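Colleague: Below is one structure. I have some questions about it.
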Amino acid sequence: MSFAAYKMMHWPTGIESCASGFISHSRADFVPRMPQVQTDDLESDWPPTRREIGPIPDLVVTAGNVLEVYVVRVQEEEGARGSRASGEPKRGGLMDGVSGASLELVCHYRMHGNVVTMAVLSGGGGDGSRRRDSIVLTFEDAKISVLEFDDSIHGLRTSSMHCFEGPEWLHLRRGRESFARGPLVKVDPQGRCGGVLVYGFQMIILKAAQGGSGLVGEDDGFGSGGAISARVDSSYIVNLGDMDMKHVKDFTFVHGYIEPVMVILHERELTWAGRVSWKHHTCMISALSISTTLKQHPLIWSAVNLPHDSYKLLAVPSPIGGVLVISANSIHYHSQSASCALALNGYAVSVDSSQEMPRSSFTVELDAANATWLLNDVALLSTKTGELLLLTLVYDGRVVQRLDLSKSKASVLTSGITTLGNSLFFLGSRLGDSLLVQFTCGGGGSMLSSGLKDEVGDIEGDIPSAKRLRLSSSDALQDMVSGEELSLFGSAPNSADSAQKSFSFAVRDSLINVGPLKDFSYGLRINADANATGIAKQSNYELVCCSGHGKNGALSVLRQSINPEMITEVELPGCKGIWTVYHKNARAHNADSKITASDDEYHAYLIISLEARTMVLETADLLSEVTESVDYFVQGRTIAAGNLFGRRRVVQVYERGARILDGSFMTKDISFGTLNAESATGSESTVLSVSIVDPYVLLRMSDGGIRLLIGDPSSCTVSVSIPAAFENSKKQISACTLYHDKGPEPWLRKASTDAWLSTGVDEAIDGSDGLLHDQGDIYCVVCYESGSLEIFDVPNFNCVFSVDKFVSGKTHLVDTLMQDSSKDSQKLINKSSEEVSAQGRKENIEDMKVVELAMQRWSGQHSRPFLFGILNDGMILCYHAYLFEGPETTSKTEDSASAQGTSGLTNVSASRLRNLRFARVPLDTYARKDMSTETSCQRMTIFKNIAGYQGLFLSGSRPAWLMVFRERLRVHPQLCDGSVVAFTVLHNVNCNHGLIYVTSQGILKICQLPPISSYDNYWPVQKIPLKGTPHQVTYFAEKNLYPLIVSVPVHKPLNQILSSLVDQEAGHQVENHNLSSDELHRTYTVDEFEVRIMEPEKSGGPWQTKATIPMQTSENALTVRVVTLFNTTTNENETLIAIGTAYVQGEDVAARGRVLLFSAGNNTQNLVSEVYAKEFKGAISALASLQGHLLIAQGPKITLNKWNGTELNGVAFFDVPPLYVVSLNIVKNFILLGDIHKSIYFLSWKEQGSQLNLLAKDFGNLDCFATEFLIDGSTLSLVVADEQKNIQIFFYAPKMSESWKGQKLLSRAEFHVGTHVSKFLRLQMLSTSGTNPGSDKTNRYALLFGTLDGSIGCVAPLDELTFRRLQSLQKKLVDAVAHVAGLNPRAFRQFRSNGRAHRPGPDTIVDCELLTHYEMLPLEEQLEIASQIGTTRSQIFTNLNDLAIGTSFL
């Protein structure tokens, strides 16, 4: 392995910071709720208690290097219509007239750098303001980027960058190399300036641009085509060291001053644990008035004698003002005029013990707390145990008299809290799922919510089971399972004090998090297919991960691909397509109510198209063939089938004609090809593809034209026509589709300029039998052979939107008529087309065309349409529509529109959709499909409800599910059956909201989606709550069991704990003379460890704990492994569970540990039985089996032991000088050992002479986190991940002179991952088709790794040719791609040594995170870059594809 690729497969999910601000919309965009019309007298007694929900800001979250902006969508209950639209009761019931709130993704970015801190710079202005806020991000060591939302690209754009690194800023470091923390950013609440603390005590002041000083006034912003965002004008540096502030802990900007005022919390001189009894109030705060114009910062007030453990400042909102100082044991309030304090527990002391501090009614420790303001005098604090506390400031005028603390509910362990508007807050968490919670204050609200609880309960009982399952995504399941999470719901008014306000909460939404991944194991799935081979075999496995901490601890079961649960399968060779259709006869329909069960109606027929005939099956209780007894066309293959006229008729299209059927009886037969006279002379044209949208059917013919079947709902008849626009056009059409813009407010209408005309054009048109037609507009999307795309309205066929060169896959699509206003983009287009002609010789670009189109808007109140196109080389283009109202320039079409404007209707249709734009969405597809072999069968099937999910299924050689959640696409491959030829949905008695697909082997499978997984994640995940912290998990393959170490916090009396800390050997007595008797009975929290043996449930339900192995008091289980030992008495191999432990008893007791061996039996009573237990000196931190022997890392040495069935006997030992062994890896007889501080050791074991030899070691100091061997053919490399978030690859080369005769391991590669890698797993790579089985490439292993922020990636070996090609591409992409926040990917991937001496190693790892941007470039740029590095676009994609296929492990 001389060369490798680093690839992310699952991005970080643990949210590290969150903030709120008006990023993608302004306060003025908020539409107040309409006052309710009083319909009932019953209602009139409770609207007064409702609180208005004001403008709600966006939520910005960061997780590792991922930045996401969400908009909050609030569902209000408005009688029947509202509930019908939502379709299901939302989580948390009714509160303040709101039935639900959910987060919807606005934009998602992966950056080349980890966000350290984040703040939102306010645009200022009141509630009606059009100004917007900006996001300020900081990165190591001192980089600051300011991002604003740009409506024209529907994404973030960097507005300014500030960097204080490099040689010219070296003086800021004051000679120091490493710093305890990265930059910290805070902003002035009115948005006048911001401050960033870097390098310990350098304060960078960011001056904001003054609002209204530009050419545009405050309110004209709208006319000029967009809102104005807050910007940073300039920056300068204040050295806090010159002002005698040495150890700065935190700072903030306070409210209520004319100029920005910054309050800084700093420690004058440090104290330490030994002297804290008499030097304990060492902190102070200083308030500086910041004048950004004069660059002066006078001190205006200060307060001294704050506790040494103060760590956080919280600015109190106006009208009160001032600042709260939070320390571990007390809270202090300070302002210019007043101060007060509150002691939280017995450790809080006042400065001089004379005066007594007011105490809170209960004890709590507030270290590591997070806080936000719910009201201007109530703060919400979240403690380290996940409790929510309410802190009320009791004030009179502007003087705070006292502080009041009360307990509220329990919730997740948070990493940050932010308030969204006046009735929601968001709990961001690294250790559990993040929650969006609605709160309401005051007595009325709580009574209201409790009164409505019962109704909600009843509604929930009626949901069809699929929807109930969907409600119980992993997080809601946790809510059901656990009482603790549930306590966030209901409300108990706090009667502790009259000043206390009572709050009630309701959880509204949650974001799944699988981090921190402490450990994982790789085991078989329940529905694994034993005889699968190749890539399908990979989908037999799943990752079982230890994630979370404390009460948020869980097992996360991750699978990269979806395995549907099979109900039944039949062999069906030669299948070309399958469709299911409904049938309503008119009589039954009228009896029903109009809307009732359109979702729940069962399918009537299943139509199967074979190569030369068609089968028809009835989908009643049993699938029975009725081909003979129906009037369907069965003599040839079917192209498509679907429903027309509100499901009262079926249309079946075959190659030369179409049939309309009422159930099984034909009402009309139409044949094509003889429509226009000149084509009749030649060969008849046949149908190639079909798109059906009630009441239209669009056909694409083999002669490159299209036909439209127009249905008449009143008589249920159909007529054929060629749209006028295409009658004599010479342009060949390569793909087309119909798009139905459904709903009472069709979305695309908002995109046309005269949107006001469109209201009320289509009042509900009643069919003959009073059937309400689904209102909405229908459009036709067409792609030509030339690569351009046009959208027409149906049935008039006026062009409403057109794009040249849709094929090239630009990042944004704009209507061509709108382009003229922006001349620059036009020049770019011309330039790129010239380049193309030059490229054409090298690579044939003219062949690129779109072979299939789909456009769909899935249900949801604010959903926007997606547009998909598949190119003939297998590339998938995906676009998401958005609206942008450009500057008011009259476009060419407007005059023609008014000239035609005879009736309102044509006027609407003639106007262009000029505000419509599309933004390209990257699909995290594992690999593109090659299309060359396949005939033109439809690859995309849209589904509206499979087990409650909606999205699109992509059939073909690498099938995939694209599911839509929160307006984002989640791509989940399906590998288990190889290639899928046809797919359709099926809903009947035995298969509720299920699916049917046919594999290329000719097997038809009827399946359902596994209900337990949550698909709204990068990979489908199932979370099993453990109510404790999981530490390590391993897989016992023979019995399909997972032994895992869990620790649960337990409260114990102090005297019990003290007695357990005695050194038994010395026999000391504990002297607790300085503790009073009541102190001895206080409780103290300790972690109790146990090893649980868990078994996956067969049906896919919750997992069962089969057995529990408890540890002794103060004994920590450190490692659990399944080992195979050679029993010397019976001469047989035994598979045992080995556990290594350590007694944690404080520093006065010598360290001891135990090794436990358990065998797994067959009887269910006691599944595991202990076969060996022995105490050793030193902690047992790692275990492994080496050729039938047991290798034990005990304290500072490692020993190798033989097993004779009853005891372990040492055969060899080695005293490496490790302090603590983190990991042991074994290949054949080689041992790789990682130490907590001393880097890695490479040993070998020789059977003859029974000795362990040190072959080589790394001479540097490295804090190891994880180690593993990397095997590439016959070369062995050693991989280590360290505490500075790097990965290094070493190799052993005793022949090379640099290795000091083989003593030293040499570096082969180094790379900065940007997150702590906690575990490596070695997996064999799949060989791609081109290699012959005996070659070197088959014995290739990649390393899958899990990290502490919830991401999963892999390091895979590459051969030199591929590496050189991808590396030169990577160097080009550094400049060719506009990087988010202006970050440099090369700088991010440099090895970080944190000030230690480090000789840079070779740069032999390519970064696939950067290479994925190549696919998102426009085609012209792709070709140009490929030719510049001397290769072709297809060659690059082949390499990336092979890597993706080789590493699709799950």
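By order in the structure tokens, chains are A, B, ...; within a chain, residues start at 1; ligands start at 1, following the order shown.
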Run DSSP on the backbone of this structure and report the residues of stretch 203-426 of chain A it assigns to helix (DSSP H, G or I), as a PyMOL selection string.
Modeller: chain A and resi 219-221+240-243+273-275
Colleague: Using only C-alpha atoms, determine which residues lie at most 8 Å from stretch 434-436 of chain A, disregarding the query and same-chain residues fewer than 3 positions distant; provide the list as JSON, numbers by chain.
Modeller: {"A": [15, 102, 412, 414, 424, 425, 426, 427, 428, 429, 507, 508, 509, 510, 511, 512, 513]}
Colleague: Using only C-alpha atoms, which protein or nucleic acid residues come within 6 Å of A:Leu1200? Drop anything in the same chain fewer than 6 positions from it, and give the result as a ChimeraX atom specification.
Modeller: /A:1190-1191,1210-1213
Colleague: Just write the chosen residues, N, CA and C atoms, as an mmCIF file, in the first residue's frame.
Modeller:
data_model
loop_
_atom_site.group_PDB
_atom_site.id
_atom_site.type_symbol
_atom_site.label_atom_id
_atom_site.label_comp_id
_atom_site.auth_asym_id
_atom_site.auth_seq_id
_atom_site.Cartn_x
_atom_site.Cartn_y
_atom_site.Cartn_z
ATOM 1 N N LEU A 1190 -3.893 -16.623 24.174
ATOM 2 C CA LEU A 1190 -4.558 -15.373 24.569
ATOM 3 C C LEU A 1190 -3.493 -14.331 24.895
ATOM 4 N N LEU A 1191 -3.576 -13.202 24.193
ATOM 5 C CA LEU A 1191 -2.634 -12.107 24.403
ATOM 6 C C LEU A 1191 -3.316 -11.096 25.326
ATOM 7 N N GLY A 1210 1.126 -18.561 31.402
ATOM 8 C CA GLY A 1210 1.930 -17.676 30.569
ATOM 9 C C GLY A 1210 3.010 -18.444 29.826
ATOM 10 N N VAL A 1211 3.176 -18.110 28.535
ATOM 11 C CA VAL A 1211 4.264 -18.730 27.782
ATOM 12 C C VAL A 1211 5.288 -17.696 27.341
ATOM 13 N N ALA A 1212 4.892 -16.443 27.238
ATOM 14 C CA ALA A 1212 5.856 -15.414 26.831
ATOM 15 C C ALA A 1212 5.354 -14.073 27.337
ATOM 16 N N PHE A 1213 6.284 -13.149 27.529
ATOM 17 C CA PHE A 1213 5.859 -11.805 27.904
ATOM 18 C C PHE A 1213 6.785 -10.806 27.230
#
Colleague: Within 9 Å of A:Val60, counting only C-alpha atoms, which residues qualify if same-chain residues fewer than 3 places away don't, as an MDAnalysis selection string?
Modeller: chainID A and resid 17:21 23 67:71 120 135
Colleague: Nearest residue to A:Phe953 out of A:Leu916, A:Phe868, A:Asp741, A:Asp600, using only C-alpha atoms?
Modeller: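 Using only C-alpha atoms, A:Phe953 sits closest to A:Phe868.
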Colleague: Atom CA of A:Asn1439 and atom CA of A:Gln1422, how far apart in Å?
Modeller: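 Those two atoms sit 14.7 Å apart.
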Colleague: Using only C-alpha atoms for the distances, tell me which of A:Ala1107, A:Ala1193, A:Ala725, A:Leu1061 is nearest to A:Pro1043.
Modeller: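 Closest residue, counting only C-alpha atoms: A:Ala1107.
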Colleague: Near A:Tyr333, counting only C-alpha atoms, which residues have an atom at most 9 Å away, once you skip same-chain residues fewer than 3 positions from it, shown as a PyMOL selection string?
Modeller: chain A and resi 322-326+338-342+400+402-403
